[in-house]
Amino acid sequence: MHPRALIVDDEAPAREELRFLLEEIGGVQVVGEATNGEEALLLLNSLAYDLVFLDIRMPGLSGLEVAQRLRGASAPEGVRRPQVIFTTAYPDHAVEAFDLAAADYLVKPFSADRLQRSVQRALAGAEAASSPVTAPAPAVPDPAAPATRPAQQLVRIPVQKDGRTVLVDGEAIVYAVAARGYASLKLTDDRVLVSFSLNELERRLQGHFFRVHRSYLVNLRYVRELVPDFRGALVLVLNDRQRSRVEVSRRHAPELRRRLGV
């Protein structure tokens, strides 16, 4: 049986185009359409969907608000929450979307090939979420191992912004957080999304960047405090404007303390 999909968009041509592309790639059954957030929530509460294609800017509830309510709602026993793929003409909400555990973020217009990759990623994510297998933790970098690049080499990360490629200096990155095949970079004065995985960023940055958690890569030069939380775990307070806080996994805490000399 093909996965069932709901299309949510206030513009009829956009819904028709998406339905056409889904028919072109095959493998997905569109069983519902909604023209606003309220309709979407009613349909999502009445039928189990595997995928939701969600526009962001709509009258009434925005797509982000729908995703937030969907994430906070408890699913009936034995029913998985649908994977959310945002489809929007606006690229500036990507970080918020991935903070809501979106499977993907498609900026209109997009091709059938790009849509197919997005669907495959979403369905793979749903399968992984229902699997009891625990993903292995990333290896702790060995500080004694030889560097794979000269220590003084300038490292920059390409970021797509307003149709341009902007090179972000590695020193401006406070931390990076994993976001389903992408990564969100917290900079000293901004937050941007890049198409690199956290593993790839770890390979590119190295040096004083340290993987404190499977989902976080931190620039150790921005560490201000190490604070134990109520569970006995360790939390980093970073020296950026927001005093960001990042949890450290128990596995990485001893090496982190050694790297910081505490």
# chains A, B, ... in the order shown; residues from 1 in each chain; ligands from 1
>>> residues_around(residues="Val227 (chain A)", least_positions_apart="3", cutoff="12 Å", atoms="only C-alpha atoms", output="PyMOL selection string")
chain A and resi 223-224+230-238+245-248+253+257
>>> residues_around(residues="Phe86 (chain A)", least_positions_apart="4", cutoff="12 Å", atoms="only C-alpha atoms", output="ChimeraX atom specification")
/A:6-9,18,51-57,62-64,66-67,90-91,93-98,100-108,110,115,118-119,122
>>> write_last_selection(atoms="C-alpha atoms", output="compact mmCIF listing (two decimals), in the first residue's frame")
# COMPACT_ATOMS: atom_id res chain seq x y z
CA LEU A 6 -2.10 15.32 2.73
CA ILE A 7 -1.44 18.52 0.76
CA VAL A 8 -1.94 21.79 2.65
CA ASP A 9 -1.76 25.03 0.65
CA LEU A 18 2.27 19.32 -6.21
CA LEU A 51 3.20 12.47 4.77
CA VAL A 52 2.02 16.06 5.08
CA PHE A 53 3.11 18.63 2.48
CA LEU A 54 2.68 21.89 4.34
CA ASP A 55 2.80 25.45 3.06
CA ILE A 56 4.00 28.03 5.59
CA ARG A 57 2.26 31.34 4.92
CA SER A 62 0.62 29.21 9.60
CA GLY A 63 2.23 25.97 8.52
CA LEU A 64 4.74 26.31 11.36
CA VAL A 66 0.23 23.49 12.38
CA ALA A 67 3.47 21.54 12.66
CA TYR A 90 9.99 31.58 1.34
CA PRO A 91 13.44 30.20 2.28
CA HIS A 93 11.82 29.83 7.79
CA ALA A 94 14.02 26.77 7.27
CA VAL A 95 15.69 26.85 10.68
CA GLU A 96 12.31 27.12 12.45
CA ALA A 97 11.00 24.26 10.31
CA PHE A 98 13.84 21.92 11.20
CA LEU A 100 10.05 21.36 14.56
CA ALA A 101 11.61 18.10 13.28
CA ALA A 102 10.53 18.61 9.68
CA ALA A 103 11.61 15.85 7.31
CA ASP A 104 12.51 18.39 4.63
CA TYR A 105 12.05 21.98 3.45
CA LEU A 106 11.29 22.54 -0.24
CA VAL A 107 11.44 26.02 -1.74
CA LYS A 108 9.08 26.57 -4.69
CA PHE A 110 11.12 22.52 -7.08
CA LEU A 115 10.54 16.08 -4.50
CA SER A 118 12.45 14.55 -0.16
CA VAL A 119 9.79 11.82 -0.05
CA ALA A 122 10.85 11.42 4.90
>>> atom_distance(atom1="CA of Thr88 (chain A)", atom2="CA of Val174 (chain A)")
28.4 Å
>>> residues_around(residues="Ile157 (chain A)", least_positions_apart="6", cutoff="9 Å", atoms="only C-alpha atoms", output="PyMOL selection string")
chain A and resi 166-170+194+201+204-205
>>> atom_distance(atom1="CA of Ala48 (chain A)", atom2="CA of Gln68 (chain A)")
17.4 Å
>>> residues_around(residues="region 215-219 of chain A", least_positions_apart="4", cutoff="12 Å", atoms="only C-alpha atoms", output="PyMOL selection string")
chain A and resi 137-138+140-141+170-188+197-211+223-224+235-240+244-249+252+256+259-260
>>> closest_residue(among="A:Tyr222, A:Thr87, A:His2, A:Leu123", to="Arg241 (chain A)", atoms="only C-alpha atoms")
A:Tyr222
>>> atom_distance(atom1="CA of Ala89 (chain A)", atom2="CA of Ala5 (chain A)")
20.2 Å
>>> select_by_dssp(residues="region 7-217 of chain A", states="alpha helix (DSSP H)", output="PyMOL selection string")
chain A and resi 12-25+37-46+63-72+94-99+112-130+198-205
>>> select_by_dssp(residues="region 222-251 of chain A", states="strand (DSSP E)", output="VMD selection string")
chain A and resid 223 to 228 234 to 238 245 to 248
>>> write_last_selection(atoms="N, CA and C atoms", output="CSV table (one decimal), in the first residue's frame")
chain,number,residue,atom,x,y,z
A,223,VAL,N,33.1,28.4,24.8
A,223,VAL,CA,32.6,27.8,26.0
A,223,VAL,C,32.8,28.8,27.2
A,224,ARG,N,31.8,29.2,27.9
A,224,ARG,CA,31.9,30.1,29.0
A,224,ARG,C,31.8,29.4,30.3
A,225,GLU,N,30.9,28.4,30.5
A,225,GLU,CA,30.7,27.7,31.7
A,225,GLU,C,30.3,26.3,31.5
A,226,LEU,N,30.7,25.4,32.4
A,226,LEU,CA,30.2,24.0,32.4
A,226,LEU,C,29.3,23.9,33.7
A,227,VAL,N,28.0,23.6,33.4
A,227,VAL,CA,27.0,23.6,34.5
A,227,VAL,C,26.4,22.2,34.6
A,228,PRO,N,26.4,21.5,35.7
A,228,PRO,CA,25.7,20.3,35.9
A,228,PRO,C,24.2,20.6,36.0
A,234,LEU,N,25.9,17.3,32.0
A,234,LEU,CA,26.7,18.5,31.9
A,234,LEU,C,26.1,19.4,30.8
A,235,VAL,N,26.0,20.7,31.1
A,235,VAL,CA,25.4,21.6,30.1
A,235,VAL,C,26.5,22.7,29.9
A,236,LEU,N,26.7,23.0,28.6
A,236,LEU,CA,27.7,24.1,28.3
A,236,LEU,C,26.9,25.4,28.2
A,237,VAL,N,27.4,26.5,28.8
A,237,VAL,CA,26.9,27.8,28.5
A,237,VAL,C,27.9,28.5,27.6
A,238,LEU,N,27.4,29.0,26.5
A,238,LEU,CA,28.3,29.5,25.5
A,238,LEU,C,28.4,31.1,25.5
A,245,ARG,N,22.8,27.4,25.5
A,245,ARG,CA,23.1,26.3,26.4
A,245,ARG,C,23.0,25.0,25.5
A,246,VAL,N,24.0,24.2,25.6
A,246,VAL,CA,24.1,22.9,24.9
A,246,VAL,C,24.4,21.8,25.8
A,247,GLU,N,23.6,20.7,25.7
A,247,GLU,CA,23.8,19.6,26.5
A,247,GLU,C,25.0,18.7,26.0
A,248,VAL,N,25.7,18.2,27.0
A,248,VAL,CA,26.9,17.3,26.6
A,248,VAL,C,26.5,15.9,27.0
>>> residues_around(residues="Pro59 (chain A)", least_positions_apart="5", cutoff="10 Å", atoms="only C-alpha atoms", output="list in words")
Asp9, Asp10, Thr35, Asn36, Gly37 and Glu38 of chain A
>>> write_last_selection(atoms="C-alpha atoms", output="compact mmCIF listing (two decimals), in the first residue's frame")
# COMPACT_ATOMS: atom_id res chain seq x y z
CA ASP A 9 -1.76 25.03 0.65
CA ASP A 10 -4.09 28.01 0.34
CA THR A 35 -6.65 25.14 2.09
CA ASN A 36 -5.63 26.39 5.53
CA GLY A 37 -4.20 25.28 8.87
CA GLU A 38 -7.55 24.70 10.58
